[in-house]
Structure formats: C-alpha cells, structure tokens
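Peer 1: model11.tsv is reproduced below (TSV, C-alpha atoms).
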```tsv
chain	number	residue	atom	x	y	z
Q	1	MET	CA	-43.70	-50.95	16.65
Q	2	LEU	CA	-47.01	-52.18	15.24
Q	3	ALA	CA	-47.35	-51.18	11.59
Q	4	ALA	CA	-50.09	-48.75	10.66
Q	5	MET	CA	-53.57	-50.15	10.14
Q	6	PRO	CA	-55.13	-49.50	6.72
Q	7	GLN	CA	-57.70	-46.71	6.72
Q	8	PRO	CA	-61.20	-46.95	5.23
Q	9	PRO	CA	-60.96	-45.50	1.72
Q	10	VAL	CA	-62.74	-42.38	0.57
Q	11	ALA	CA	-64.00	-42.33	-3.00
Q	12	ALA	CA	-62.76	-39.43	-5.07
Q	13	SER	CA	-65.39	-36.99	-6.24
Q	14	ARG	CA	-65.65	-35.68	-9.77
Q	15	ASP	CA	-66.76	-32.15	-10.64
Q	16	GLU	CA	-67.16	-32.95	-14.34
Q	17	PRO	CA	-67.69	-36.14	-16.35
Q	18	VAL	CA	-64.65	-37.70	-17.96
Q	19	ILE	CA	-64.77	-37.57	-21.75
Q	20	ARG	CA	-62.91	-40.45	-23.36
Q	21	ASP	CA	-61.98	-40.23	-27.01
Q	22	ARG	CA	-60.19	-43.59	-27.19
Q	23	GLY	CA	-60.16	-47.06	-25.72
Q	24	ASP	CA	-58.09	-47.71	-22.62
Q	25	ALA	CA	-54.49	-48.84	-22.96
Q	26	CYS	CA	-54.43	-51.31	-20.05
Q	27	PRO	CA	-51.98	-54.13	-20.73
Q	28	GLY	CA	-53.06	-57.75	-20.74
Q	29	ALA	CA	-51.59	-61.14	-21.40
Q	30	LEU	CA	-52.08	-60.63	-25.13
Q	31	ARG	CA	-51.62	-56.85	-25.28
Q	32	LEU	CA	-48.08	-56.30	-24.00
Q	33	HIS	CA	-46.91	-52.93	-22.71
Q	34	ALA	CA	-43.49	-51.56	-23.64
Q	35	ALA	CA	-41.63	-50.48	-20.47
Q	36	ASP	CA	-38.04	-49.35	-19.92
Q	37	ASP	CA	-37.05	-52.82	-18.69
Q	38	GLY	CA	-38.70	-54.70	-21.57
Q	39	PHE	CA	-42.29	-55.65	-22.30
Q	40	LEU	CA	-44.87	-56.17	-19.55
Q	41	ALA	CA	-47.77	-58.65	-19.48
Q	42	ARG	CA	-50.66	-58.47	-17.02
Q	43	VAL	CA	-52.39	-61.79	-16.42
Q	44	ARG	CA	-55.92	-61.40	-15.03
Q	45	ILE	CA	-56.59	-63.74	-12.11
Q	46	PRO	CA	-60.37	-63.51	-11.46
Q	47	GLY	CA	-60.98	-63.60	-7.73
Q	48	GLY	CA	-57.22	-64.10	-7.28
Q	49	LEU	CA	-57.65	-67.89	-7.51
Q	50	LEU	CA	-54.78	-69.97	-8.88
Q	51	THR	CA	-54.51	-73.75	-8.90
Q	52	ALA	CA	-51.09	-75.20	-8.11
Q	53	PRO	CA	-50.43	-76.04	-11.81
Q	54	GLN	CA	-51.44	-72.51	-12.85
Q	55	ALA	CA	-49.13	-70.98	-10.26
Q	56	ALA	CA	-46.29	-73.18	-11.54
Q	57	THR	CA	-47.01	-72.04	-15.10
Q	58	LEU	CA	-46.72	-68.36	-14.13
Q	59	ALA	CA	-43.31	-69.02	-12.59
Q	60	LEU	CA	-42.23	-70.90	-15.71
Q	61	ALA	CA	-43.40	-68.01	-17.89
Q	62	ALA	CA	-41.45	-65.50	-15.80
Q	63	ASP	CA	-38.28	-67.60	-16.10
Q	64	ARG	CA	-38.66	-68.49	-19.77
Q	65	PHE	CA	-39.76	-65.12	-21.15
Q	66	GLY	CA	-39.21	-62.51	-18.41
Q	67	ASP	CA	-36.84	-61.36	-15.69
Q	68	GLY	CA	-37.52	-64.19	-13.24
Q	69	HIS	CA	-39.88	-62.13	-11.06
Q	70	LEU	CA	-43.64	-61.87	-10.57
Q	71	GLU	CA	-45.45	-58.69	-9.55
Q	72	LEU	CA	-48.78	-58.51	-7.73
Q	73	THR	CA	-51.12	-55.68	-8.66
Q	74	SER	CA	-53.69	-53.73	-6.63
Q	75	ARG	CA	-56.43	-55.77	-8.32
Q	76	GLY	CA	-55.04	-59.15	-7.42
Q	77	ASN	CA	-53.53	-59.82	-10.82
Q	78	VAL	CA	-50.00	-60.95	-11.74
Q	79	GLN	CA	-47.56	-59.09	-13.97
Q	80	LEU	CA	-44.54	-60.43	-15.81
Q	81	ARG	CA	-41.80	-57.91	-16.62
Q	82	GLY	CA	-38.66	-57.82	-18.73
Q	83	LEU	CA	-40.32	-59.74	-21.56
Q	84	ALA	CA	-38.44	-59.93	-24.84
Q	85	ASP	CA	-39.90	-58.50	-28.03
Q	86	GLY	CA	-41.60	-61.24	-30.02
Q	87	CYS	CA	-42.39	-63.53	-27.07
Q	88	GLY	CA	-46.16	-62.88	-27.17
Q	89	GLY	CA	-47.09	-66.00	-29.10
Q	90	GLY	CA	-45.11	-68.36	-26.89
Q	91	LEU	CA	-46.39	-66.69	-23.74
Q	92	ALA	CA	-50.01	-66.91	-24.88
Q	93	GLU	CA	-49.62	-70.60	-25.77
Q	94	LEU	CA	-48.16	-71.39	-22.35
Q	95	LEU	CA	-50.87	-69.47	-20.45
Q	96	ASP	CA	-53.67	-70.91	-22.57
Q	97	ALA	CA	-52.56	-74.48	-21.89
Q	98	ALA	CA	-52.83	-73.76	-18.15
Q	99	GLY	CA	-56.33	-72.31	-18.43
Q	100	LEU	CA	-55.16	-68.76	-17.75
Q	101	LEU	CA	-56.52	-67.30	-20.98
Q	102	PRO	CA	-60.14	-67.15	-22.13
Q	103	ALA	CA	-61.16	-66.13	-25.64
Q	104	PRO	CA	-58.88	-63.24	-26.71
Q	105	ALA	CA	-61.73	-60.70	-26.71
Q	106	HIS	CA	-62.44	-61.36	-23.03
Q	107	GLU	CA	-59.01	-61.55	-21.44
Q	108	ARG	CA	-58.84	-57.90	-20.28
Q	109	VAL	CA	-62.41	-57.69	-18.89
Q	110	ARG	CA	-62.00	-60.40	-16.23
Q	111	ASN	CA	-61.37	-57.81	-13.52
Q	112	ILE	CA	-62.86	-59.49	-10.45
Q	113	VAL	CA	-61.60	-58.95	-6.92
Q	114	ALA	CA	-63.00	-61.22	-4.21
Q	115	THR	CA	-62.73	-61.62	-0.45
Q	116	PRO	CA	-59.63	-63.86	-0.23
Q	117	LEU	CA	-60.76	-65.77	2.87
Q	118	ALA	CA	-64.21	-66.61	1.48
Q	119	ASP	CA	-65.75	-69.21	-0.84
Q	120	PRO	CA	-64.43	-68.56	-4.37
Q	121	GLY	CA	-67.57	-70.04	-5.98
Q	122	PRO	CA	-69.43	-66.76	-6.71
Q	123	ALA	CA	-66.36	-65.19	-8.32
Q	124	LYS	CA	-65.85	-68.30	-10.47
Q	125	ALA	CA	-69.49	-68.20	-11.56
Q	126	LEU	CA	-69.26	-64.52	-12.50
Q	127	ASP	CA	-66.06	-65.11	-14.47
Q	128	ALA	CA	-67.70	-67.96	-16.43
Q	129	LEU	CA	-70.63	-65.68	-17.32
Q	130	LEU	CA	-68.34	-62.86	-18.41
Q	131	CYS	CA	-66.29	-65.15	-20.64
Q	132	ALA	CA	-69.46	-66.46	-22.34
Q	133	ASP	CA	-70.97	-63.04	-23.03
Q	134	ALA	CA	-70.12	-61.10	-26.18
Q	135	ARG	CA	-71.50	-57.75	-24.97
Q	136	VAL	CA	-69.05	-57.30	-22.12
Q	137	THR	CA	-66.08	-57.26	-24.48
Q	138	ALA	CA	-66.96	-53.57	-24.88
Q	139	LEU	CA	-65.97	-52.91	-21.23
Q	140	SER	CA	-62.68	-51.16	-20.60
Q	141	GLY	CA	-59.82	-53.02	-18.96
Q	142	ARG	CA	-60.40	-50.84	-15.87
Q	143	PHE	CA	-64.04	-51.75	-15.14
Q	144	LEU	CA	-63.99	-53.59	-11.82
Q	145	PHE	CA	-66.27	-56.21	-10.24
Q	146	ALA	CA	-66.05	-57.01	-6.52
Q	147	VAL	CA	-67.40	-60.17	-4.91
Q	148	ASP	CA	-67.45	-59.45	-1.18
Q	149	ASP	CA	-68.68	-62.01	1.33
Q	150	GLY	CA	-70.25	-59.26	3.44
Q	151	ARG	CA	-67.33	-58.18	5.58
Q	152	GLY	CA	-66.53	-55.16	3.38
Q	153	ASP	CA	-62.89	-55.71	2.40
Q	154	VAL	CA	-62.98	-55.73	-1.41
Q	155	ALA	CA	-66.16	-53.64	-1.43
Q	156	ALA	CA	-63.90	-50.80	-0.26
Q	157	LEU	CA	-61.79	-50.87	-3.45
Q	158	ASP	CA	-63.97	-48.53	-5.54
Q	159	PRO	CA	-65.60	-51.25	-7.69
Q	160	ASP	CA	-68.02	-50.50	-10.50
Q	161	VAL	CA	-70.26	-53.45	-9.57
Q	162	THR	CA	-70.24	-54.89	-6.05
Q	163	LEU	CA	-71.85	-58.08	-4.79
Q	164	LEU	CA	-72.08	-57.97	-0.99
Q	165	GLY	CA	-73.16	-61.12	0.83
Q	166	PRO	CA	-74.92	-63.45	1.10
Q	167	ASP	CA	-76.53	-62.75	4.46
Q	168	ALA	CA	-78.06	-65.33	6.80
Q	169	ASP	CA	-81.18	-65.45	4.60
Q	170	GLY	CA	-79.19	-66.17	1.44
Q	171	ARG	CA	-79.66	-62.66	0.00
Q	172	THR	CA	-76.94	-60.61	-1.72
Q	173	LEU	CA	-76.78	-56.84	-2.19
Q	174	LEU	CA	-75.72	-55.47	-5.56
Q	175	ARG	CA	-74.34	-51.93	-5.63
Q	176	LEU	CA	-73.54	-49.82	-8.72
Q	177	GLY	CA	-70.45	-47.67	-8.33
Q	178	ALA	CA	-70.35	-45.62	-5.12
Q	179	ALA	CA	-74.16	-45.41	-4.77
Q	180	ARG	CA	-75.51	-45.85	-1.24
Q	181	ASP	CA	-78.62	-47.61	-2.48
Q	182	ALA	CA	-78.62	-51.16	-3.82
Q	183	VAL	CA	-80.79	-53.99	-5.04
Q	184	GLU	CA	-81.14	-57.24	-3.13
Q	185	VAL	CA	-81.19	-60.52	-5.05
Q	186	SER	CA	-80.80	-64.17	-4.16
Q	187	ALA	CA	-77.28	-65.54	-3.88
Q	188	GLU	CA	-78.04	-67.87	-6.80
Q	189	ASP	CA	-79.02	-64.93	-9.03
Q	190	ALA	CA	-76.16	-62.65	-7.92
Q	191	PRO	CA	-73.52	-63.55	-10.57
Q	192	ARG	CA	-76.02	-63.11	-13.43
Q	193	ALA	CA	-77.26	-59.86	-11.88
Q	194	ALA	CA	-73.67	-58.56	-11.85
Q	195	LEU	CA	-73.31	-59.44	-15.53
Q	196	LEU	CA	-76.54	-57.58	-16.31
Q	197	ALA	CA	-75.27	-54.60	-14.31
Q	198	ALA	CA	-72.36	-54.41	-16.77
Q	199	HIS	CA	-74.90	-54.42	-19.62
Q	200	HIS	CA	-76.81	-51.64	-17.84
Q	201	PHE	CA	-73.60	-49.59	-17.64
Q	202	LEU	CA	-72.83	-50.15	-21.33
Q	203	ASP	CA	-76.36	-49.02	-22.23
Q	204	ALA	CA	-75.71	-45.80	-20.30
Q	205	VAL	CA	-72.35	-45.34	-22.03
Q	206	ASP	CA	-74.03	-45.70	-25.42
Q	207	GLY	CA	-76.63	-43.12	-24.41
Q	208	ALA	CA	-74.07	-40.66	-23.04
Q	209	GLY	CA	-71.65	-40.94	-25.95
Q	210	THR	CA	-68.67	-40.30	-23.65
Q	211	ARG	CA	-66.98	-43.72	-23.93
Q	212	ALA	CA	-66.76	-43.84	-20.12
Q	213	TRP	CA	-64.52	-46.54	-18.71
Q	214	ARG	CA	-65.93	-46.54	-15.15
Q	215	VAL	CA	-69.34	-45.96	-13.56
Q	216	ALA	CA	-68.03	-42.79	-11.87
Q	217	GLU	CA	-67.20	-41.30	-15.27
Q	218	LEU	CA	-70.80	-41.18	-16.50
Q	219	PRO	CA	-72.25	-37.64	-16.76
Q	220	GLY	CA	-74.95	-36.80	-14.24
Q	221	GLU	CA	-77.82	-37.03	-16.70
Q	222	HIS	CA	-76.76	-40.58	-17.57
Q	223	ALA	CA	-75.84	-41.74	-14.05
Q	224	LEU	CA	-77.02	-45.24	-13.23
Q	225	ASP	CA	-80.35	-45.41	-11.39
Q	226	VAL	CA	-80.34	-48.35	-9.00
Q	227	ALA	CA	-84.12	-48.49	-8.66
Q	228	GLU	CA	-84.46	-48.56	-12.43
Q	229	PHE	CA	-81.89	-51.36	-12.60
Q	230	GLY	CA	-83.98	-53.34	-10.12
Q	231	ARG	CA	-86.92	-53.05	-12.51
Q	232	VAL	CA	-84.68	-54.20	-15.37
Q	233	LEU	CA	-83.71	-57.28	-13.38
Q	234	ALA	CA	-87.33	-58.05	-12.57
Q	235	GLY	CA	-88.21	-57.80	-16.26
Q	236	LEU	CA	-85.50	-60.35	-17.01
Q	237	GLY	CA	-86.80	-62.82	-14.47
Q	238	ILE	CA	-84.56	-61.95	-11.50
Q	239	PRO	CA	-86.59	-60.88	-8.44
Q	240	ALA	CA	-84.92	-57.79	-6.95
Q	241	ARG	CA	-85.80	-55.63	-3.96
Q	242	TYR	CA	-84.70	-51.98	-3.89
Q	243	VAL	CA	-82.79	-50.98	-0.71
Q	244	ALA	CA	-82.58	-47.19	-0.29
Q	245	GLN	CA	-79.87	-47.10	2.41
Q	246	ALA	CA	-77.89	-50.27	2.00
Q	247	PRO	CA	-75.29	-51.15	4.65
Q	248	SER	CA	-71.66	-50.31	3.86
Q	249	PRO	CA	-69.50	-52.58	6.01
Q	250	TYR	CA	-65.76	-52.07	6.05
Q	251	ALA	CA	-63.03	-54.54	6.97
Q	252	PRO	CA	-59.28	-54.05	6.61
Q	253	PRO	CA	-57.25	-56.45	4.45
Q	254	PRO	CA	-56.22	-59.73	6.07
Q	255	GLU	CA	-53.06	-59.26	8.10
Q	256	PRO	CA	-49.98	-61.38	7.47
Q	257	GLY	CA	-50.14	-64.53	9.54
Q	258	ILE	CA	-52.49	-67.41	10.29
Q	259	HIS	CA	-56.24	-67.15	9.64
Q	260	ALA	CA	-57.97	-70.39	10.71
Q	261	ASP	CA	-56.82	-72.91	8.07
Q	262	ALA	CA	-55.05	-70.32	5.89
Q	263	LEU	CA	-51.83	-68.32	5.97
Q	264	CYS	CA	-51.64	-64.80	4.58
Q	265	VAL	CA	-48.20	-64.01	3.13
Q	266	LEU	CA	-47.36	-60.37	2.40
Q	267	VAL	CA	-45.03	-59.73	-0.56
Q	268	PRO	CA	-42.83	-56.67	0.13
Q	269	LEU	CA	-43.55	-54.03	-2.52
Q	270	GLY	CA	-45.55	-56.67	-4.41
Q	271	ARG	CA	-42.54	-58.20	-6.17
Q	272	LEU	CA	-41.03	-61.65	-5.62
Q	273	THR	CA	-38.67	-64.03	-7.40
Q	274	THR	CA	-39.86	-67.23	-9.00
Q	275	ALA	CA	-37.85	-69.12	-6.36
Q	276	GLN	CA	-39.85	-67.37	-3.61
Q	277	TRP	CA	-43.11	-67.98	-5.50
Q	278	ARG	CA	-42.38	-71.71	-5.71
Q	279	THR	CA	-42.17	-71.97	-1.91
Q	280	LEU	CA	-45.89	-71.14	-1.70
Q	281	PRO	CA	-47.77	-74.46	-1.53
Q	282	GLY	CA	-50.91	-75.68	-3.26
Q	283	GLU	CA	-53.79	-73.49	-4.37
Q	284	LEU	CA	-53.16	-69.75	-4.03
Q	285	ARG	CA	-55.40	-66.71	-3.60
Q	286	VAL	CA	-53.70	-63.53	-4.80
Q	287	THR	CA	-55.17	-60.53	-2.95
Q	288	PRO	CA	-55.58	-56.89	-4.06
Q	289	TRP	CA	-53.23	-55.89	-1.21
Q	290	ARG	CA	-50.16	-57.54	-2.71
Q	291	SER	CA	-50.37	-60.57	-0.48
Q	292	ILE	CA	-51.13	-64.25	-1.10
Q	293	VAL	CA	-53.35	-66.58	0.91
Q	294	VAL	CA	-52.17	-70.20	0.99
Q	295	ARG	CA	-53.82	-73.26	2.52
Q	296	GLY	CA	-51.14	-75.91	2.11
Q	297	ASP	CA	-48.07	-76.71	4.23
Q	298	ALA	CA	-46.42	-73.31	4.55
Q	299	THR	CA	-43.42	-74.32	6.63
Q	300	ALA	CA	-41.09	-73.80	3.67
Q	301	VAL	CA	-42.30	-70.29	2.74
Q	302	ASP	CA	-39.31	-68.13	1.84
Q	303	PRO	CA	-38.20	-65.99	4.82
Q	304	GLY	CA	-38.08	-62.93	2.55
Q	305	LEU	CA	-41.88	-63.06	2.42
Q	306	VAL	CA	-43.76	-61.60	5.38
Q	307	THR	CA	-45.91	-63.66	7.76
Q	308	ASP	CA	-45.48	-61.42	10.83
Q	309	PRO	CA	-48.55	-59.20	11.48
Q	310	ASP	CA	-46.28	-56.60	13.14
Q	311	SER	CA	-43.94	-56.28	10.16
Q	312	ALA	CA	-43.06	-52.77	9.03
Q	313	TRP	CA	-43.75	-53.90	5.46
Q	314	ARG	CA	-47.49	-53.76	6.18
Q	315	SER	CA	-47.42	-49.99	5.75
Q	316	VAL	CA	-44.95	-49.45	2.89
Q	317	THR	CA	-45.84	-49.40	-0.81
Q	318	ALA	CA	-44.14	-48.05	-3.92
Q	319	CYS	CA	-44.59	-47.59	-7.64
Q	320	THR	CA	-42.31	-49.40	-10.11
Q	321	GLY	CA	-39.71	-46.64	-10.20
Q	322	ARG	CA	-36.37	-46.93	-11.96
Q	323	PRO	CA	-35.21	-48.83	-13.94
Q	324	GLY	CA	-38.58	-50.14	-15.11
Q	325	CYS	CA	-40.34	-46.80	-15.63
Q	326	ALA	CA	-38.93	-44.06	-17.85
Q	327	LYS	CA	-40.92	-41.37	-16.04
Q	328	SER	CA	-39.56	-42.19	-12.59
Q	329	LEU	CA	-36.96	-39.87	-11.07
Q	330	ALA	CA	-35.61	-42.41	-8.58
Q	331	ASP	CA	-35.23	-46.09	-7.74
Q	332	VAL	CA	-38.05	-45.82	-5.23
Q	333	ARG	CA	-38.14	-49.51	-4.38
Q	334	ALA	CA	-34.48	-49.47	-3.34
Q	335	ASP	CA	-35.04	-46.36	-1.24
Q	336	ALA	CA	-38.14	-47.90	0.39
Q	337	ARG	CA	-36.23	-51.07	1.25
Q	338	ALA	CA	-33.35	-49.06	2.71
Q	339	LEU	CA	-35.64	-47.14	5.07
Q	340	VAL	CA	-38.46	-49.58	5.86
Q	341	HIS	CA	-37.06	-50.43	9.29
Q	342	VAL	CA	-35.61	-46.96	9.94
Q	343	ALA	CA	-38.47	-44.52	9.40
Q	344	THR	CA	-41.24	-45.38	11.85
Q	345	GLY	CA	-44.64	-43.92	12.59
Q	346	GLU	CA	-48.38	-44.39	12.58
Q	347	LEU	CA	-49.19	-43.52	8.95
Q	348	PRO	CA	-48.49	-45.75	5.92
Q	349	VAL	CA	-46.06	-44.36	3.35
Q	350	HIS	CA	-46.11	-44.65	-0.43
Q	351	TRP	CA	-43.00	-43.98	-2.50
Q	352	SER	CA	-43.75	-42.26	-5.83
Q	353	GLY	CA	-41.25	-41.86	-8.63
Q	354	CYS	CA	-43.10	-39.01	-10.34
Q	355	GLU	CA	-46.15	-36.76	-10.06
Q	356	ARG	CA	-48.46	-39.51	-11.37
Q	357	ARG	CA	-48.13	-41.31	-8.00
Q	358	CYS	CA	-49.02	-44.68	-9.51
Q	359	GLY	CA	-50.39	-47.25	-7.08
Q	360	HIS	CA	-50.81	-44.85	-4.17
Q	361	PRO	CA	-53.06	-46.06	-1.34
Q	362	ARG	CA	-56.76	-45.28	-1.26
Q	363	GLY	CA	-57.44	-43.91	2.16
Q	364	THR	CA	-57.85	-40.90	4.36
Q	365	ARG	CA	-54.37	-40.78	5.88
Q	366	TRP	CA	-51.08	-41.67	4.21
Q	367	VAL	CA	-47.63	-40.23	3.54
Q	368	ASP	CA	-46.41	-39.59	0.01
Q	369	ALA	CA	-42.65	-39.60	-0.55
Q	370	LEU	CA	-42.45	-38.02	-4.01
Q	371	ALA	CA	-39.16	-38.17	-5.95
Q	372	THR	CA	-38.06	-34.77	-7.26
Q	373	GLY	CA	-34.80	-35.69	-8.99
Q	374	ASP	CA	-32.62	-34.45	-6.14
Q	375	GLY	CA	-34.45	-35.95	-3.20
Q	376	TYR	CA	-38.02	-36.45	-2.01
Q	377	ARG	CA	-40.88	-34.12	-1.16
Q	378	LEU	CA	-42.96	-35.40	1.75
Q	379	SER	CA	-46.69	-34.80	2.18
Q	380	VAL	CA	-49.54	-36.22	4.24
Q	381	ASN	CA	-52.79	-36.68	2.33
Q	382	GLY	CA	-51.77	-33.93	-0.10
Q	383	ARG	CA	-50.49	-31.54	2.58
Q	384	GLU	CA	-46.78	-30.79	2.42
Q	385	VAL	CA	-44.80	-31.62	5.55
Q	386	SER	CA	-41.18	-31.02	4.71
Q	387	PRO	CA	-40.02	-29.93	1.24
Q	388	GLU	CA	-36.35	-30.88	1.74
Q	389	PRO	CA	-35.59	-32.73	4.98
Q	390	THR	CA	-31.88	-32.76	5.80
Q	391	ASP	CA	-32.25	-36.43	6.71
Q	392	LEU	CA	-34.85	-38.50	4.84
Q	393	ALA	CA	-35.33	-40.98	7.67
Q	394	VAL	CA	-35.96	-38.15	10.15
Q	395	GLY	CA	-38.33	-36.45	7.73
Q	396	LEU	CA	-40.28	-39.64	7.08
Q	397	THR	CA	-40.62	-40.38	10.77
Q	398	ALA	CA	-41.97	-36.87	11.35
Q	399	ALA	CA	-44.39	-37.22	8.44
Q	400	ARG	CA	-45.65	-40.63	9.56
Q	401	ASN	CA	-46.49	-39.20	12.97
Q	402	ALA	CA	-48.02	-35.98	11.65
Q	403	ASN	CA	-51.58	-34.84	12.24
Q	404	PRO	CA	-52.95	-33.91	8.79
Q	405	SER	CA	-55.34	-31.35	10.27
Q	406	GLU	CA	-52.40	-29.35	11.62
Q	407	ILE	CA	-50.54	-29.20	8.28
Q	408	PRO	CA	-51.29	-26.22	5.98
Q	409	GLN	CA	-52.98	-27.33	2.76
Q	410	SER	CA	-50.57	-27.36	-0.18
Q	411	PRO	CA	-51.76	-25.72	-3.39
Q	412	LYS	CA	-53.19	-28.16	-5.91
Q	413	PRO	CA	-50.87	-28.94	-8.84
Q	414	GLN	CA	-51.91	-27.37	-12.12
```
Render the structure in this file as structure tokens.
Peer 2:
Amino acid sequence: MLAAMPQPPVAASRDEPVIRDRGDACPGALRLHAADDGFLARVRIPGGLLTAPQAATLALAADRFGDGHLELTSRGNVQLRGLADGCGGGLAELLDAAGLLPAPAHERVRNIVATPLADPGPAKALDALLCADARVTALSGRFLFAVDDGRGDVAALDPDVTLLGPDADGRTLLRLGAARDAVEVSAEDAPRAALLAAHHFLDAVDGAGTRAWRVAELPGEHALDVAEFGRVLAGLGIPARYVAQAPSPYAPPPEPGIHADALCVLVPLGRLTTAQWRTLPGELRVTPWRSIVVRGDATAVDPGLVTDPDSAWRSVTACTGRPGCAKSLADVRADARALVHVATGELPVHWSGCERRCGHPRGTRWVDALATGDGYRLSVNGREVSPEPTDLAVGLTAARNANPSEIPQSPKPQ
C-alpha cells in the first residue's frame, strides 16, 4: 500500500506571548546534553550540505567518541549520542579540522534549512554572513532560517525568516514568521536581507523585554511589521518592495528514490550506523525530513536505508524513547519497527514515549501512539481513537484509517 503523503502543516496559534526568563538549552557541538545513554552533541549542518570529507569526519566522531550511530534531526542537523564524559575537547578539535565548527559563539545559531534539490549557494552565503556577524550570537538555538527555492518545501517548516525564490525575474520574497505579507528583494541581496531580518527581530526582543526565542513568541505590541522592515532595508541600501498578499506555495518533501541526477535516501526513524552512513557516496544533503540526498554512485547504498517511494517507512516517525530518554515510558523505536509493516492506513503515525511528544509531525492529520507505561493511547490529531486496544496492530490500523472529523474531541491536557 502506498505510504501516506505528508500534509501541509498548520502553524500553531498562541493566545498569549511566551515569557522567557532564561536562555535556551539547545545542545550543540560544544554544549553537550546529558542523556540517559551518555552525552549528546548536535552538529549544525547549514542547508544540510556536507562534503565527502566532512561526512567521513562525522562517522569517525561517532565511532571514536559515541555509540557508532548518527541521528538526523527535523532541522537537517546531525546528532551524536552515547558520548563519554570529557570527550568535548577531542570532539571539537576533530569537527573544527573538518570545517564543521565556526567561532564558538556562532555554532548554535547556524540553523538554516534549505530545499535539498536546489542550488546550495544562497544557504552558504547566508551561513557565511551569520558567522561573521557578532549581533546574531544573541539569537536562541531555536531561531530558524529557511532558504526555499520557491517550491514551498522548507518554507512549510515554521521558519522565523524565510527566503522564497528567486522567481524568473531574479526576485526573492522574504517573509517574517508566519506573516502572509513579505518584502521582495533581489536574489543577490537576499542573504544579507535575511541577516538584517534577524537584527530586526533582536531589536523587537530588546524592546519587548520578553527574551523571545522565536518570532511567534513576540507580544502583539512588538510583533514584527513587514512593511516597516522593508523601509529598514531601503534605508540600509537594499531596495525592497512590500507585497501585501505574498504567495505561499507548498510542496511535500522529496520522496525516496531518484530525482533527476540525485537519489533521496530515507533513514528509518532518522538513525543509522556509521557503516550505513559510509555507503552514501560523495557530497551529501541532509534534509529536515530525516533523509539524505546523494549525487554520487549510489549502487552500494545499504539495503537498510530506504529508496523505495512506496515504503511504509515514509509515514512512521518516533521520538528517542528508551533507553536514551529518561522520561520515556517505552522503547518506542523498537515498537515502531515491529509494527511498521503490520499496521497500515492512510495517516502517518508518530510514536511518543511521553506526553511531551517530541518530534511529532507538523500537519493537519496524523496518528499519535502515546506510551502510557502499560501500553499505548491512540489519537488522531489530538482526538482519542482507542484508549486501550486489545491488539495494538489492529488499533493502529483503525486509527490510521480514521476520519478525524468523526472522532469526539478529547479534553485538552492540563
């Protein structure tokens, strides 16, 4: 059966501004996170682009310091797990030699997702500007830039600053947060305009005094005004045209399989061994959908990685679960693997080890299999389907074929 197609995401609305009283705790390559299976490092890969030597270095780091696996994140970055205490210096030295670390103050702000089948040049240019700018070190590790070639794939990932284009006339749209309006600039000016958009956000944060991490967290009276930003750009020598109702294209992620001169390889649950990683040839593009685009000879790609566009793995995701996460109530990855080819249906399913539901899909229709300690509670887009199915495979199949509009709304958790 053809796996479920991804749905266009719907941005979450906020009734009140988020008040932050601390900096974010996002891990990085230099700031390691203590997990139940050892320390975790998150290596930012701007635009997902890795040269062959850089890819080889990540595998070496995972073998030398970690558990011999690499994890792909929903922002196209790479995580190393099972790191030993005290390995930070050696890891940083290895990554720095491969060009995977900028100045320490910048390494967590290089959050750039980019259309994986497009020219990586604009994303590279934006990354170079970020790494040369002292002001942006005040951004949180969650502030997200998207460089979309106009098709609307990474623009759908709830970025804080989106570059969309260029069009046939060489013009690029710049959008702030989820705003429908935008400013239009030349493709040449677009990377610098994105940098200045981050400055504009930081100015608003300073004015609001809320220490917001994302554009959506700004209080209403300090919300970013796109028309005003256009005037700021003009004052700084970047011609910008205000567009009141900018287009919002949407394209699903690239499917596993061949795309012209590239092959998209899906990594089940976003985790692969270093041996599997080393079968991926040449330059790599890590995508925000836990897949990898390769352009070399892919005949030796490990068979455990997915290149079939009809694979059931297209519609199954999971959080870390046990044993890596202390909060998880189940080994959700093992349960997902056991049932991936058993439970079938139209809707994608995400396996969650606890109420935090880390890594759940952004979209209008999906199934949540939430671990409870003695089983799983199944819901569709927040609406409970079957509290305790006698057979999990049967319950999942029913949930994946459910019509959300016919399911009574579950009460919101307190």
Peer 1: Find the residues near Leu100 in chain Q: any atom within 8 Å, counting only C-alpha atoms, skip ones fewer than 6 places away on the same chain, and give them as a ChimeraX atom specification.
Peer 2: /Q:43-45,54
Peer 1: Do you have the CA of Ala399 in chain Q-CA of Pro253 in chain Q distance handy?
Peer 2: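 If I compute the distance from CA of Ala399 in chain Q to CA of Pro253 in chain Q, I get 23.5 Å.
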Peer 1: My list of candidates is Q:Arg362, Q:Arg171, Q:Arg211, Q:Arg108. Which is closest to Arg241 in chain Q when distances are computed with only C-alpha atoms?
Peer 2: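 For Arg241 in chain Q, the nearest of the given residues is Q:Arg171.
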Peer 1: Just the residues within 8 Å of Leu347 in chain Q, please, counting only C-alpha atoms, with nothing from its chain fewer than 5 positions along; format it as a PDB file with C-alpha atoms, keeping the file's coordinate frame.
Peer 2:
```
ATOM      1  CA  ALA Q   4     -50.090 -48.750  10.660  1.00  0.00           C
ATOM      2  CA  SER Q 315     -47.420 -49.990   5.750  1.00  0.00           C
ATOM      3  CA  ARG Q 365     -54.370 -40.780   5.880  1.00  0.00           C
ATOM      4  CA  TRP Q 366     -51.080 -41.670   4.210  1.00  0.00           C
ATOM      5  CA  VAL Q 367     -47.630 -40.230   3.540  1.00  0.00           C
ATOM      6  CA  ALA Q 399     -44.390 -37.220   8.440  1.00  0.00           C
ATOM      7  CA  ARG Q 400     -45.650 -40.630   9.560  1.00  0.00           C
ATOM      8  CA  ASN Q 401     -46.490 -39.200  12.970  1.00  0.00           C
TER       9      ASN Q 401
END
```
Peer 1: Which residue is closest to Val342 in chain Q? Choose from Q:Ala244, Q:Leu396, Q:Leu266, Q:Ala330 and count all atoms listed in the file.
Peer 2: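 Nearest candidate to Val342 in chain Q out of Q:Ala244, Q:Leu396, Q:Leu266, Q:Ala330: Q:Leu396.
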Peer 1: Which residues come within 8 Å of Thr273 in chain Q, counting all atoms listed in the file, excluding same-chain residues fewer than 3 positions away, as JSON, numbers by chain?
Peer 2: {"Q": [68, 69, 70, 276, 277]}
Peer 1: Could those residues be written to a file, using C-alpha atoms, as a PDB file, keeping the file's coordinate frame?
Peer 2:
```pdb
ATOM      1  CA  GLY Q  68     -37.520 -64.190 -13.240  1.00  0.00           C
ATOM      2  CA  HIS Q  69     -39.880 -62.130 -11.060  1.00  0.00           C
ATOM      3  CA  LEU Q  70     -43.640 -61.870 -10.570  1.00  0.00           C
ATOM      4  CA  GLN Q 276     -39.850 -67.370  -3.610  1.00  0.00           C
ATOM      5  CA  TRP Q 277     -43.110 -67.980  -5.500  1.00  0.00           C
TER       6      TRP Q 277
END
```
Peer 1: Do you have the CA of Val349 in chain Q-CA of Asp335 in chain Q distance handy?
Peer 2: 12.1 Å
Peer 1: Out of Q:Val78, Q:His259, Q:Asp169, Q:Ala138, which residue has the shortest atom-to-atom distance to Ala55 in chain Q when counting only C-alpha atoms?
Peer 2: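 Going through Q:Val78, Q:His259, Q:Asp169, Q:Ala138 one by one, the smallest distance to Ala55 in chain Q is for Q:Val78.
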